[in-house]
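Next comes input_8.tsv, a file with TSV, C-alpha atoms.
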chain	number	residue	atom	x	y	z
A	238	MET	CA	25.15	-18.50	46.73
A	239	ALA	CA	25.79	-15.14	45.16
A	240	GLN	CA	23.07	-12.63	44.39
A	241	GLU	CA	22.68	-12.62	40.61
A	242	THR	CA	21.61	-9.87	38.23
A	243	SER	CA	21.80	-9.86	34.44
A	244	PRO	CA	21.03	-7.77	31.32
A	245	GLN	CA	17.60	-6.26	30.80
A	246	SER	CA	16.71	-8.68	28.00
A	247	VAL	CA	17.85	-12.20	27.21
A	248	THR	CA	17.17	-13.91	23.89
A	249	GLY	CA	18.80	-17.23	24.67
A	250	TYR	CA	19.62	-19.89	22.12
A	251	THR	CA	17.78	-20.08	18.81
A	252	HIS	CA	16.73	-23.51	17.56
A	253	ASP	CA	15.60	-24.68	14.15
A	254	ALA	CA	12.11	-26.14	13.91
A	255	ALA	CA	11.49	-29.38	15.78
A	256	TRP	CA	12.96	-32.39	14.00
A	257	GLU	CA	10.26	-34.58	15.53
A	258	SER	CA	6.71	-33.76	16.62
A	259	SER	CA	4.71	-36.82	17.58
A	260	TYR	CA	2.41	-38.59	20.00
A	261	LEU	CA	3.10	-41.45	22.38
A	262	LYS	CA	0.18	-43.58	23.52
A	263	VAL	CA	0.77	-44.43	27.18
A	264	ASP	CA	-2.48	-46.21	28.13
A	265	ASP	CA	-6.00	-46.82	26.83
A	266	ILE	CA	-6.88	-43.15	27.42
A	267	HIS	CA	-3.88	-40.85	27.02
A	268	GLU	CA	-1.65	-39.86	24.11
A	269	LEU	CA	1.22	-37.55	24.96
A	270	PHE	CA	2.45	-34.87	22.60
A	271	TYR	CA	6.21	-34.41	22.47
A	272	GLU	CA	8.78	-32.65	20.32
A	273	GLN	CA	12.53	-32.88	19.82
A	274	TYR	CA	14.90	-30.05	19.00
A	275	GLY	CA	18.61	-29.44	18.77
A	276	LYS	CA	21.34	-32.00	18.14
A	277	LYS	CA	19.96	-35.44	17.29
A	278	ASP	CA	22.85	-37.22	18.98
A	279	GLY	CA	23.32	-34.55	21.64
A	280	LEU	CA	23.00	-34.64	25.41
A	281	PRO	CA	19.35	-35.47	26.15
A	282	VAL	CA	17.45	-33.00	28.32
A	283	ILE	CA	13.76	-33.14	29.15
A	284	PHE	CA	11.92	-29.90	29.86
A	285	LEU	CA	9.08	-30.27	32.39
A	286	HIS	CA	6.50	-27.51	32.12
A	287	GLY	CA	4.68	-25.85	34.97
A	288	GLY	CA	1.10	-25.48	36.02
A	289	PRO	CA	0.10	-28.20	36.38
A	290	GLY	CA	-1.98	-27.69	33.28
A	291	GLY	CA	0.63	-25.67	31.40
A	292	SER	CA	2.20	-26.68	28.11
A	293	THR	CA	5.40	-26.50	26.13
A	294	SER	CA	6.37	-24.22	23.25
A	295	PRO	CA	9.45	-23.71	21.06
A	296	GLN	CA	10.44	-20.83	23.37
A	297	ASN	CA	11.27	-23.40	26.06
A	298	THR	CA	14.31	-24.49	24.06
A	299	LYS	CA	16.14	-21.18	24.56
A	300	PHE	CA	18.00	-22.39	27.66
A	301	PHE	CA	19.84	-25.15	25.79
A	302	ASN	CA	22.69	-24.87	23.30
A	303	PRO	CA	21.41	-26.59	20.11
A	304	SER	CA	24.91	-27.69	19.13
A	305	ILE	CA	25.17	-29.65	22.41
A	306	TYR	CA	21.71	-30.63	23.64
A	307	ARG	CA	18.98	-32.90	22.33
A	308	VAL	CA	15.94	-31.10	23.77
A	309	VAL	CA	12.76	-33.04	24.51
A	310	LEU	CA	9.56	-31.11	25.23
A	311	LEU	CA	6.61	-33.01	26.69
A	312	ASP	CA	3.02	-31.89	27.24
A	313	GLN	CA	1.76	-33.63	30.37
A	314	ARG	CA	-1.43	-35.70	30.45
A	315	GLY	CA	-4.52	-33.72	29.55
A	316	ALA	CA	-2.55	-30.51	28.91
A	317	GLY	CA	-1.20	-28.66	25.90
A	318	LYS	CA	-1.54	-30.76	22.77
A	319	SER	CA	-1.75	-34.08	24.63
A	320	ARG	CA	-5.00	-35.94	24.11
A	321	PRO	CA	-7.70	-35.99	25.33
A	322	THR	CA	-7.68	-32.44	26.68
A	323	ARG	CA	-8.49	-32.01	30.39
A	324	GLU	CA	-8.88	-35.76	30.91
A	325	LEU	CA	-8.74	-36.47	34.66
A	326	ARG	CA	-8.83	-40.26	34.58
A	327	ASN	CA	-5.44	-41.88	35.15
A	328	ASN	CA	-3.97	-38.46	35.85
A	329	THR	CA	-1.84	-38.15	39.00
A	330	THR	CA	1.73	-37.15	39.79
A	331	GLN	CA	2.71	-40.81	39.67
A	332	HIS	CA	1.24	-41.15	36.18
A	333	LEU	CA	3.18	-38.09	34.99
A	334	SER	CA	6.42	-39.47	36.39
A	335	ASP	CA	5.79	-42.84	34.76
A	336	ASP	CA	5.22	-41.02	31.47
A	337	ILE	CA	8.71	-39.53	31.59
A	338	GLU	CA	10.09	-43.05	31.87
A	339	ARG	CA	7.91	-44.30	29.01
A	340	LEU	CA	9.07	-41.45	26.81
A	341	ARG	CA	12.73	-42.02	27.71
A	342	GLU	CA	12.43	-45.68	26.73
A	343	HIS	CA	10.45	-44.84	23.58
A	344	LEU	CA	13.18	-42.44	22.45
A	345	GLY	CA	15.97	-44.92	23.15
A	346	ILE	CA	17.60	-42.69	25.74
A	347	ASP	CA	19.54	-44.63	28.36
A	348	LYS	CA	19.84	-41.72	30.77
A	349	TRP	CA	18.76	-38.09	30.74
A	350	HIS	CA	21.81	-35.86	30.85
A	351	MET	CA	19.49	-33.32	32.45
A	352	VAL	CA	16.01	-33.06	33.90
A	353	PHE	CA	14.91	-29.40	33.84
A	354	GLY	CA	11.77	-28.19	35.62
A	355	GLY	CA	10.35	-24.96	36.94
A	356	SER	CA	7.48	-24.28	39.34
A	357	TRP	CA	5.24	-27.38	39.11
A	358	GLY	CA	7.91	-28.75	36.77
A	359	SER	CA	10.36	-28.62	39.69
A	360	THR	CA	7.94	-30.69	41.76
A	361	LEU	CA	7.65	-33.28	39.02
A	362	GLY	CA	11.39	-33.17	38.39
A	363	LEU	CA	12.12	-33.93	42.05
A	364	PHE	CA	9.51	-36.67	42.16
A	365	TYR	CA	10.84	-38.34	39.00
A	366	SER	CA	14.49	-38.02	40.04
A	367	GLN	CA	13.77	-39.59	43.42
A	368	ALA	CA	11.94	-42.45	41.69
A	369	HIS	CA	14.60	-43.00	39.00
A	370	PRO	CA	17.91	-41.52	40.19
A	371	ALA	CA	19.94	-43.82	37.95
A	372	ARG	CA	18.27	-42.24	34.91
A	373	VAL	CA	19.12	-38.64	35.84
A	374	GLY	CA	22.54	-37.19	35.10
A	375	SER	CA	21.80	-33.70	36.41
A	376	LEU	CA	18.84	-31.72	37.69
A	377	VAL	CA	17.94	-28.05	37.24
A	378	LEU	CA	15.13	-26.59	39.33
A	379	ARG	CA	13.66	-23.09	39.02
A	380	GLY	CA	11.01	-21.50	41.24
A	381	VAL	CA	11.14	-24.50	43.53
A	382	PHE	CA	7.90	-26.02	44.76
A	383	THR	CA	7.49	-29.20	46.82
A	384	LEU	CA	3.75	-28.98	47.52
A	385	ARG	CA	3.99	-28.60	51.29
A	386	LYS	CA	0.87	-27.03	52.73
A	387	THR	CA	2.94	-24.19	54.17
A	388	GLU	CA	4.13	-23.31	50.68
A	389	MET	CA	0.59	-22.75	49.46
A	390	LEU	CA	-1.45	-21.35	52.32
A	391	ILE	CA	-1.01	-19.53	55.60
A	392	GLY	CA	-4.16	-19.15	57.66
A	393	GLY	CA	-6.22	-20.34	54.71
A	394	VAL	CA	-4.95	-17.70	52.28
A	395	THR	CA	-2.09	-17.66	49.80
A	396	HIS	CA	1.27	-16.09	50.63
A	397	ALA	CA	0.76	-13.79	47.67
A	398	SER	CA	-2.26	-12.13	49.28
A	399	ASN	CA	0.13	-10.31	51.61
A	400	PHE	CA	1.95	-8.77	48.64
A	401	PHE	CA	-0.95	-8.42	46.22
A	402	PRO	CA	-3.91	-7.59	48.49
A	403	GLN	CA	-5.90	-5.81	45.80
A	404	GLU	CA	-5.59	-8.75	43.39
A	405	TRP	CA	-6.50	-11.19	46.18
A	406	GLU	CA	-9.60	-9.16	47.04
A	407	THR	CA	-10.63	-9.18	43.38
A	408	PHE	CA	-10.12	-12.95	43.35
A	409	LEU	CA	-12.38	-13.33	46.39
A	410	ASN	CA	-15.02	-10.85	45.22
A	411	PHE	CA	-15.69	-12.88	42.09
A	412	LEU	CA	-17.36	-15.38	44.42
A	413	PRO	CA	-20.63	-14.89	46.30
A	414	GLU	CA	-19.93	-13.87	49.88
A	415	ASN	CA	-21.05	-17.22	51.26
A	416	GLU	CA	-18.36	-19.03	49.21
A	417	ARG	CA	-15.37	-16.88	50.17
A	418	GLN	CA	-14.39	-18.75	53.33
A	419	HIS	CA	-12.96	-21.59	51.22
A	420	PRO	CA	-12.30	-19.86	47.91
A	421	HIS	CA	-10.13	-22.52	46.27
A	422	ASP	CA	-12.84	-25.15	46.79
A	423	ALA	CA	-15.48	-22.77	45.48
A	424	TYR	CA	-13.45	-21.99	42.39
A	425	HIS	CA	-12.85	-25.69	41.72
A	426	THR	CA	-16.58	-26.36	41.86
A	427	ARG	CA	-17.17	-23.62	39.32
A	428	ILE	CA	-14.26	-24.60	37.07
A	429	THR	CA	-15.64	-28.14	36.88
A	430	SER	CA	-19.21	-26.96	36.22
A	431	GLU	CA	-21.00	-28.54	33.29
A	432	ASP	CA	-22.10	-25.04	32.32
A	433	ARG	CA	-19.27	-23.82	30.07
A	434	GLU	CA	-19.94	-20.13	30.68
A	435	THR	CA	-19.65	-20.65	34.44
A	436	ALA	CA	-16.49	-22.72	34.07
A	437	VAL	CA	-14.73	-20.30	31.71
A	438	ALA	CA	-15.56	-17.26	33.84
A	439	ALA	CA	-14.15	-18.91	36.97
A	440	ALA	CA	-11.09	-20.19	35.14
A	441	ARG	CA	-10.29	-16.73	33.81
A	442	GLU	CA	-10.47	-15.18	37.26
A	443	TRP	CA	-8.36	-17.98	38.74
A	444	ASN	CA	-5.71	-17.40	36.09
A	445	ARG	CA	-5.94	-13.62	36.30
A	446	PHE	CA	-4.83	-13.80	39.91
A	447	ASP	CA	-2.18	-16.44	39.22
A	448	MET	CA	-0.70	-14.70	36.18
A	449	SER	CA	-0.59	-11.33	37.96
A	450	LEU	CA	1.96	-12.66	40.44
A	451	GLY	CA	4.60	-14.22	38.24
A	452	THR	CA	7.01	-11.35	37.60
A	453	LEU	CA	8.66	-8.67	39.67
A	454	ARG	CA	7.61	-6.07	37.12
A	455	PRO	CA	4.11	-6.23	35.59
A	456	ASP	CA	3.90	-8.34	32.44
A	457	ALA	CA	0.81	-7.53	30.39
A	458	ALA	CA	1.71	-10.15	27.78
A	459	ALA	CA	1.43	-12.95	30.33
A	460	LEU	CA	-2.14	-11.90	31.16
A	461	ALA	CA	-3.15	-12.21	27.51
A	462	LYS	CA	-3.29	-15.99	27.90
A	463	ILE	CA	-6.43	-15.77	30.00
A	464	ASP	CA	-8.37	-14.62	26.92
A	465	ASP	CA	-7.94	-18.11	25.45
A	466	PRO	CA	-10.80	-20.10	27.02
A	467	GLU	CA	-9.24	-23.49	26.27
A	468	TRP	CA	-5.93	-22.54	27.87
A	469	SER	CA	-7.71	-20.94	30.83
A	470	LEU	CA	-9.89	-23.97	31.49
A	471	THR	CA	-7.00	-26.43	31.30
A	472	HIS	CA	-4.60	-24.42	33.44
A	473	ALA	CA	-7.16	-23.61	36.13
A	474	LEU	CA	-8.58	-27.13	36.22
A	475	PHE	CA	-5.27	-28.87	36.81
A	476	GLU	CA	-3.94	-26.26	39.23
A	477	SER	CA	-7.07	-26.38	41.35
A	478	LEU	CA	-7.28	-30.19	41.25
A	479	TYR	CA	-3.63	-31.15	41.70
A	480	LEU	CA	-2.64	-28.46	44.17
A	481	PHE	CA	-5.67	-27.60	46.26
A	482	GLN	CA	-7.88	-30.68	46.02
A	483	LYS	CA	-5.41	-33.57	45.92
A	484	GLY	CA	-2.12	-32.14	47.19
A	485	GLY	CA	-0.41	-33.79	44.25
A	486	TRP	CA	-1.37	-37.16	45.74
A	487	LEU	CA	1.67	-36.70	48.01
A	488	GLU	CA	2.04	-36.80	51.76
A	489	ASP	CA	2.73	-33.35	53.16
A	490	GLY	CA	6.49	-32.81	52.98
A	491	GLU	CA	7.09	-36.10	51.14
A	492	LEU	CA	9.62	-34.79	48.64
A	493	LEU	CA	11.80	-33.30	51.37
A	494	LEU	CA	11.86	-36.34	53.61
A	495	PRO	CA	15.50	-37.32	54.29
A	496	VAL	CA	14.88	-40.81	52.92
A	497	ASN	CA	13.76	-39.29	49.60
A	498	MET	CA	16.37	-36.54	49.35
A	499	GLU	CA	19.02	-39.18	50.02
A	500	LYS	CA	18.09	-40.78	46.70
A	501	ILE	CA	19.36	-37.75	44.75
A	502	ARG	CA	22.31	-36.80	46.94
A	503	ASP	CA	24.82	-37.81	44.24
A	504	ILE	CA	23.03	-36.08	41.35
A	505	PRO	CA	24.68	-32.75	40.47
A	506	GLY	CA	22.45	-29.82	39.74
A	507	ALA	CA	21.43	-26.22	40.18
A	508	ILE	CA	18.61	-24.30	41.82
A	509	VAL	CA	17.67	-20.91	40.34
A	510	GLN	CA	15.31	-18.95	42.53
A	511	GLY	CA	13.83	-15.47	42.22
A	512	ARG	CA	14.34	-13.62	45.51
A	513	TYR	CA	10.88	-12.05	45.23
A	514	ASP	CA	8.94	-15.13	44.12
A	515	VAL	CA	5.53	-14.90	45.82
A	516	ILE	CA	4.13	-18.00	44.09
A	517	CYS	CA	6.78	-20.47	45.25
A	518	PRO	CA	8.26	-19.05	48.48
A	519	PRO	CA	12.09	-18.88	48.33
A	520	LYS	CA	12.43	-20.76	51.60
A	521	THR	CA	11.63	-23.96	49.71
A	522	ALA	CA	14.64	-23.47	47.44
A	523	TRP	CA	16.79	-23.05	50.55
A	524	ASP	CA	15.33	-26.18	52.17
A	525	VAL	CA	15.95	-28.25	49.05
A	526	HIS	CA	19.48	-26.91	48.68
A	527	LYS	CA	20.37	-27.78	52.28
A	528	ALA	CA	19.10	-31.34	51.77
A	529	TRP	CA	20.80	-31.84	48.39
A	530	PRO	CA	24.61	-31.86	48.74
A	531	LYS	CA	25.49	-31.56	45.07
A	532	SER	CA	23.23	-28.61	44.32
A	533	SER	CA	24.29	-25.03	43.71
A	534	LEU	CA	21.85	-22.29	44.68
A	535	HIS	CA	21.53	-19.07	42.69
A	536	TRP	CA	19.42	-16.28	44.16
A	537	ILE	CA	18.15	-13.86	41.50
A	538	SER	CA	17.93	-10.52	43.22
A	539	ASP	CA	15.76	-8.74	40.65
A	540	ALA	CA	13.22	-11.44	39.80
A	541	GLY	CA	10.01	-13.06	40.91
A	542	HIS	CA	8.70	-16.41	39.73
A	543	SER	CA	8.87	-16.46	35.94
A	544	ALA	CA	11.60	-18.26	33.99
A	545	ASN	CA	11.39	-15.48	31.41
A	546	GLU	CA	12.52	-12.66	33.67
A	547	PRO	CA	15.87	-11.58	32.18
A	548	SER	CA	18.13	-12.34	35.13
A	549	THR	CA	16.52	-15.71	35.73
A	550	ALA	CA	16.69	-16.70	32.07
A	551	ALA	CA	20.35	-15.67	31.87
A	552	LYS	CA	21.27	-17.74	34.90
A	553	LEU	CA	19.35	-20.78	33.63
A	554	ILE	CA	21.24	-20.59	30.33
A	555	GLU	CA	24.52	-20.28	32.26
A	556	VAL	CA	23.90	-23.32	34.47
A	557	CYS	CA	22.78	-25.43	31.50
A	558	ASP	CA	25.96	-24.47	29.66
A	559	GLU	CA	27.99	-25.43	32.72
A	560	LEU	CA	26.24	-28.74	33.29
A	561	ALA	CA	26.81	-29.67	29.65
A	562	LYS	CA	30.47	-30.12	30.64
A	563	LEU	CA	29.69	-33.06	32.94
For the file at hand, write its structure as structure tokens.
Amino acid sequence: MAQETSPQSVTGYTHDAAWESSYLKVDDIHELFYEQYGKKDGLPVIFLHGGPGGSTSPQNTKFFNPSIYRVVLLDQRGAGKSRPTRELRNNTTQHLSDDIERLREHLGIDKWHMVFGGSWGSTLGLFYSQAHPARVGSLVLRGVFTLRKTEMLIGGVTHASNFFPQEWETFLNFLPENERQHPHDAYHTRITSEDRETAVAAAREWNRFDMSLGTLRPDAAALAKIDDPEWSLTHALFESLYLFQKGGWLEDGELLLPVNMEKIRDIPGAIVQGRYDVICPPKTAWDVHKAWPKSSLHWISDAGHSANEPSTAAKLIEVCDELAKL
């Protein structure tokens, strides 16, 4: 469990254009967008994006050697290019996990060599691996999040408010004073408003706070996303619904229950965690590591939450290279 630091910039692996971009119909409502990159007969890895409500992009392939890995990117239900956008029917953590299985079968993959997930993707990766351990050859988690109440709120406010008090106050002050006692509920009401102007304004402020916290050093480029109203609405809707309204449809602490962690005890893997992550508190990475015998834990001493911080990206590339040897 060494403290890790790396170069100031990390390019990662460069992939050719996707050799497949397609849709998979998974029920009467949802069609999932997915892409495949890298070596067609390579070691299959599925990349699980964050959010919830995020999406995938070609940049997500940079962690995986294209001469070794067959990289599968999947936009989760209602997010990214999956259709229909922001559809909430048949959209729970269980549905998303089932979709990974449907896609695996559709692609003729007997077993994922690797399941790779960061932030919300780590939650989904744990959930899926516990449900289908025989289909997971290795597991990589970054910015670990298990959806326990203590990971999200202390005394009704986010952990991050202690480190970003000015940003938290701005987040609160967007709301009328009589709505600030339960701000996440108030934001969700506004984000789901039938009035588009109301919904977009609330979504932008939700994301402004969220995107301000992701890196140890300020990242103006990350904040540019909030200017896209479609992205803002999708990201804010699913974060507010999944995390603060429904708790991921999980019992508090469910993923860390001994009976569930026992299911993945024989799966090798790695945890990469920014020491100064204020979105997903580092204690969760420690708790998962202690309950998962075949995990290695890598503390990144000059990083926050984002997978794109140089030291974090470098370590993720390193552990994926190492796990390719299994």
Subject >> Using only C-alpha atoms: which of A:Pro370, A:Gly287, A:Pro413, A:Gly506 has the shortest distance to His472 in chain A >> reply: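 Selected residue with least distance to His472 in chain A: A:Gly287.
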Subject >> Computed interatomic separation between CA of Thr549 in chain A and CA of Gly275 in chain A (Å) >> reply: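 Interatomic distance, CA of Thr549 in chain A to CA of Gly275 in chain A: 21.9 Å.
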**OP:** Go through A:Leu333, A:Leu261, A:His369, A:Thr360 and flag the residue nearest Arg320 in chain A, using only C-alpha atoms for the distances.
**Re:**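 Distance minimum relative to Arg320 in chain A lands on A:Leu261.
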Subject >> Counting only C-alpha atoms, the residue of A:His419, A:His396, A:Arg323, A:His425 that sits nearest Leu478 in chain A >> reply: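 Smallest separation from Leu478 in chain A among the options: A:His425.
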Could you build a table of the residues in range 379-430 of chain A lying no more than 6 Å from range 515-535 of chain A, giving for each the nearest pair of atoms and their separation in Å rounded to one decimal place, using all atoms listed in the file, ordered by chain and ascending residue number, as JSON lines?
{"residue": "A:Gly380", "atom": "CA", "partner": "A:Cys517", "partner_atom": "CA", "distance": 5.9}
{"residue": "A:Val381", "atom": "CA", "partner": "A:Ala522", "partner_atom": "CA", "distance": 5.3}
{"residue": "A:Phe382", "atom": "CA", "partner": "A:Cys517", "partner_atom": "CA", "distance": 5.7}
{"residue": "A:Ala397", "atom": "CA", "partner": "A:Val515", "partner_atom": "CA", "distance": 5.2}
**OP:** Just give me the gap between CA of Glu491 in chain A and CA of Arg326 in chain A in Å, one decimal is fine.
**Re:**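 That distance, rounded to one decimal, is 23.3 Å.
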**OP:** Please provide the set of residues having any atom within 12 Å of Ala440 in chain A, restricted to only C-alpha atoms, with same-chain residues fewer than 6 positions apart removed, written as a PyMOL selection string.
**Re:** chain A and resi 290+408+411+421+423-430+433-434+446-448+462-477
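Considering only C-alpha atoms, the residue among A:Val308, A:Leu409, A:Ala458, A:Val282 positioned nearest to His252 in chain A is A:Val308.
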Subject >> Close residues, Ile305 in chain A itself excluded, 9 Å, all atoms listed in the file, min 6 positions apart in chain, as number ranges by chain >> reply: A: 275-276, 278-280, 558, 561
**OP:** State, in Å with one decimal place, the distance from CA of Val394 in chain A to CA of Asn444 in chain A.
**Re:**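 Separation between CA of Val394 in chain A and CA of Asn444 in chain A: 16.2 Å.
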**OP:** Pick out the residues sitting within 12 Å of Glu406 in chain A, and hand them over as a ChimeraX atom specification; count only C-alpha atoms, and ignore anything fewer than 4 positions along from it in its own chain.
**Re:** /A:394-395,397-402,410-412,414,417,420,442,446
Take the residues that were just selected and, keeping C-alpha atoms, output them as a JSON list (two decimals), in the coordinates of the input.
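Printed below is again28.json as written:
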[["chain", "number", "residue", "atom", "x", "y", "z"],
["A", 394, "VAL", "CA", -4.95, -17.70, 52.28],
["A", 395, "THR", "CA", -2.09, -17.66, 49.80],
["A", 397, "ALA", "CA", 0.76, -13.79, 47.67],
["A", 398, "SER", "CA", -2.26, -12.13, 49.28],
["A", 399, "ASN", "CA", 0.13, -10.31, 51.61],
["A", 400, "PHE", "CA", 1.95, -8.77, 48.64],
["A", 401, "PHE", "CA", -0.95, -8.42, 46.22],
["A", 402, "PRO", "CA", -3.91, -7.59, 48.49],
["A", 410, "ASN", "CA", -15.02, -10.85, 45.22],
["A", 411, "PHE", "CA", -15.69, -12.88, 42.09],
["A", 412, "LEU", "CA", -17.36, -15.38, 44.42],
["A", 414, "GLU", "CA", -19.93, -13.87, 49.88],
["A", 417, "ARG", "CA", -15.37, -16.88, 50.17],
["A", 420, "PRO", "CA", -12.30, -19.86, 47.91],
["A", 442, "GLU", "CA", -10.47, -15.18, 37.26],
["A", 446, "PHE", "CA", -4.83, -13.80, 39.91]]
**OP:** Would you mind telling me which residue in A:Val247, A:Leu269, A:Cys557, A:Met351 lies nearest to Asp312 in chain A when using only C-alpha atoms?
**Re:**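 For Asp312 in chain A, the nearest of the given residues is A:Leu269.
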May I have the protein, DNA and RNA residues with an atom at most 9 Å from (-1.0, -34.3, 43.1), counting all atoms listed in the file in the file's coordinates, returned as a PDB file with C-alpha atoms, in the coordinates of the input?
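Ended up saving to out_33.pdb:
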ATOM      1  CA  ASN A 328      -3.970 -38.460  35.850  1.00  0.00           C
ATOM      2  CA  THR A 329      -1.840 -38.150  39.000  1.00  0.00           C
ATOM      3  CA  THR A 330       1.730 -37.150  39.790  1.00  0.00           C
ATOM      4  CA  GLN A 331       2.710 -40.810  39.670  1.00  0.00           C
ATOM      5  CA  LEU A 384       3.750 -28.980  47.520  1.00  0.00           C
ATOM      6  CA  LEU A 478      -7.280 -30.190  41.250  1.00  0.00           C
ATOM      7  CA  TYR A 479      -3.630 -31.150  41.700  1.00  0.00           C
ATOM      8  CA  LEU A 480      -2.640 -28.460  44.170  1.00  0.00           C
ATOM      9  CA  PHE A 481      -5.670 -27.600  46.260  1.00  0.00           C
ATOM     10  CA  GLN A 482      -7.880 -30.680  46.020  1.00  0.00           C
ATOM     11  CA  LYS A 483      -5.410 -33.570  45.920  1.00  0.00           C
ATOM     12  CA  GLY A 484      -2.120 -32.140  47.190  1.00  0.00           C
ATOM     13  CA  GLY A 485      -0.410 -33.790  44.250  1.00  0.00           C
ATOM     14  CA  TRP A 486      -1.370 -37.160  45.740  1.00  0.00           C
ATOM     15  CA  LEU A 487       1.670 -36.700  48.010  1.00  0.00           C
TER      16      LEU A 487
END
Protein and nucleic acid residues near (17.7, -28.9, 42.4) (cut-off 6 Å, all atoms listed in the file) as a PDB file with C-alpha atoms, keeping the file's coordinate frame:
ATOM      1  CA  LEU A 376      18.840 -31.720  37.690  1.00  0.00           C
ATOM      2  CA  VAL A 377      17.940 -28.050  37.240  1.00  0.00           C
ATOM      3  CA  LEU A 378      15.130 -26.590  39.330  1.00  0.00           C
ATOM      4  CA  GLY A 506      22.450 -29.820  39.740  1.00  0.00           C
ATOM      5  CA  ALA A 507      21.430 -26.220  40.180  1.00  0.00           C
ATOM      6  CA  ILE A 508      18.610 -24.300  41.820  1.00  0.00           C
ATOM      7  CA  SER A 532      23.230 -28.610  44.320  1.00  0.00           C
TER       8      SER A 532
END
Subject >> Within 9 Å of Leu340 in chain A using only C-alpha atoms, minus same-chain residues under 3 positions, as a list of chain:residue names >> reply: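 Answer for this query is A:Leu261, A:Val263, A:Leu269, A:Tyr271, A:Leu311, A:Asp335, A:Asp336, A:Ile337, A:His343, A:Leu344, A:Gly345, A:Ile346.
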Complete range 373-385 of chain A with N, CA and C atoms (output as a PDB file, in the frame of the given file).
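So the final result, stored in out06.pdb, reads:
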ATOM      1  N   VAL A 373      18.992 -40.097  35.821  1.00  0.00           N
ATOM      2  CA  VAL A 373      19.120 -38.640  35.840  1.00  0.00           C
ATOM      3  C   VAL A 373      20.588 -38.265  36.023  1.00  0.00           C
ATOM      4  N   GLY A 374      21.145 -37.595  35.015  1.00  0.00           N
ATOM      5  CA  GLY A 374      22.540 -37.190  35.100  1.00  0.00           C
ATOM      6  C   GLY A 374      22.744 -35.874  35.811  1.00  0.00           C
ATOM      7  N   SER A 375      21.767 -34.981  35.709  1.00  0.00           N
ATOM      8  CA  SER A 375      21.800 -33.700  36.410  1.00  0.00           C
ATOM      9  C   SER A 375      20.375 -33.178  36.509  1.00  0.00           C
ATOM     10  N   LEU A 376      20.185 -32.224  37.400  1.00  0.00           N
ATOM     11  CA  LEU A 376      18.840 -31.720  37.690  1.00  0.00           C
ATOM     12  C   LEU A 376      18.899 -30.214  37.853  1.00  0.00           C
ATOM     13  N   VAL A 377      18.049 -29.509  37.127  1.00  0.00           N
ATOM     14  CA  VAL A 377      17.940 -28.050  37.240  1.00  0.00           C
ATOM     15  C   VAL A 377      16.521 -27.711  37.679  1.00  0.00           C
ATOM     16  N   LEU A 378      16.420 -26.976  38.779  1.00  0.00           N
ATOM     17  CA  LEU A 378      15.130 -26.590  39.330  1.00  0.00           C
ATOM     18  C   LEU A 378      15.041 -25.070  39.385  1.00  0.00           C
ATOM     19  N   ARG A 379      13.893 -24.538  38.985  1.00  0.00           N
ATOM     20  CA  ARG A 379      13.660 -23.090  39.020  1.00  0.00           C
ATOM     21  C   ARG A 379      12.308 -22.815  39.683  1.00  0.00           C
ATOM     22  N   GLY A 380      12.273 -21.802  40.551  1.00  0.00           N
ATOM     23  CA  GLY A 380      11.010 -21.500  41.240  1.00  0.00           C
ATOM     24  C   GLY A 380      10.529 -22.723  41.978  1.00  0.00           C
ATOM     25  N   VAL A 381      11.299 -23.162  42.976  1.00  0.00           N
ATOM     26  CA  VAL A 381      11.140 -24.500  43.530  1.00  0.00           C
ATOM     27  C   VAL A 381       9.862 -24.632  44.357  1.00  0.00           C
ATOM     28  N   PHE A 382       9.195 -25.761  44.139  1.00  0.00           N
ATOM     29  CA  PHE A 382       7.900 -26.020  44.760  1.00  0.00           C
ATOM     30  C   PHE A 382       7.834 -27.498  45.122  1.00  0.00           C
ATOM     31  N   THR A 383       7.569 -27.791  46.398  1.00  0.00           N
ATOM     32  CA  THR A 383       7.490 -29.200  46.820  1.00  0.00           C
ATOM     33  C   THR A 383       6.112 -29.576  47.356  1.00  0.00           C
ATOM     34  N   LEU A 384       5.141 -28.681  47.205  1.00  0.00           N
ATOM     35  CA  LEU A 384       3.750 -28.980  47.520  1.00  0.00           C
ATOM     36  C   LEU A 384       3.467 -29.136  49.014  1.00  0.00           C
ATOM     37  N   ARG A 385       4.335 -28.608  49.866  1.00  0.00           N
ATOM     38  CA  ARG A 385       3.990 -28.600  51.290  1.00  0.00           C
ATOM     39  C   ARG A 385       2.848 -27.611  51.516  1.00  0.00           C
TER      40      ARG A 385
END
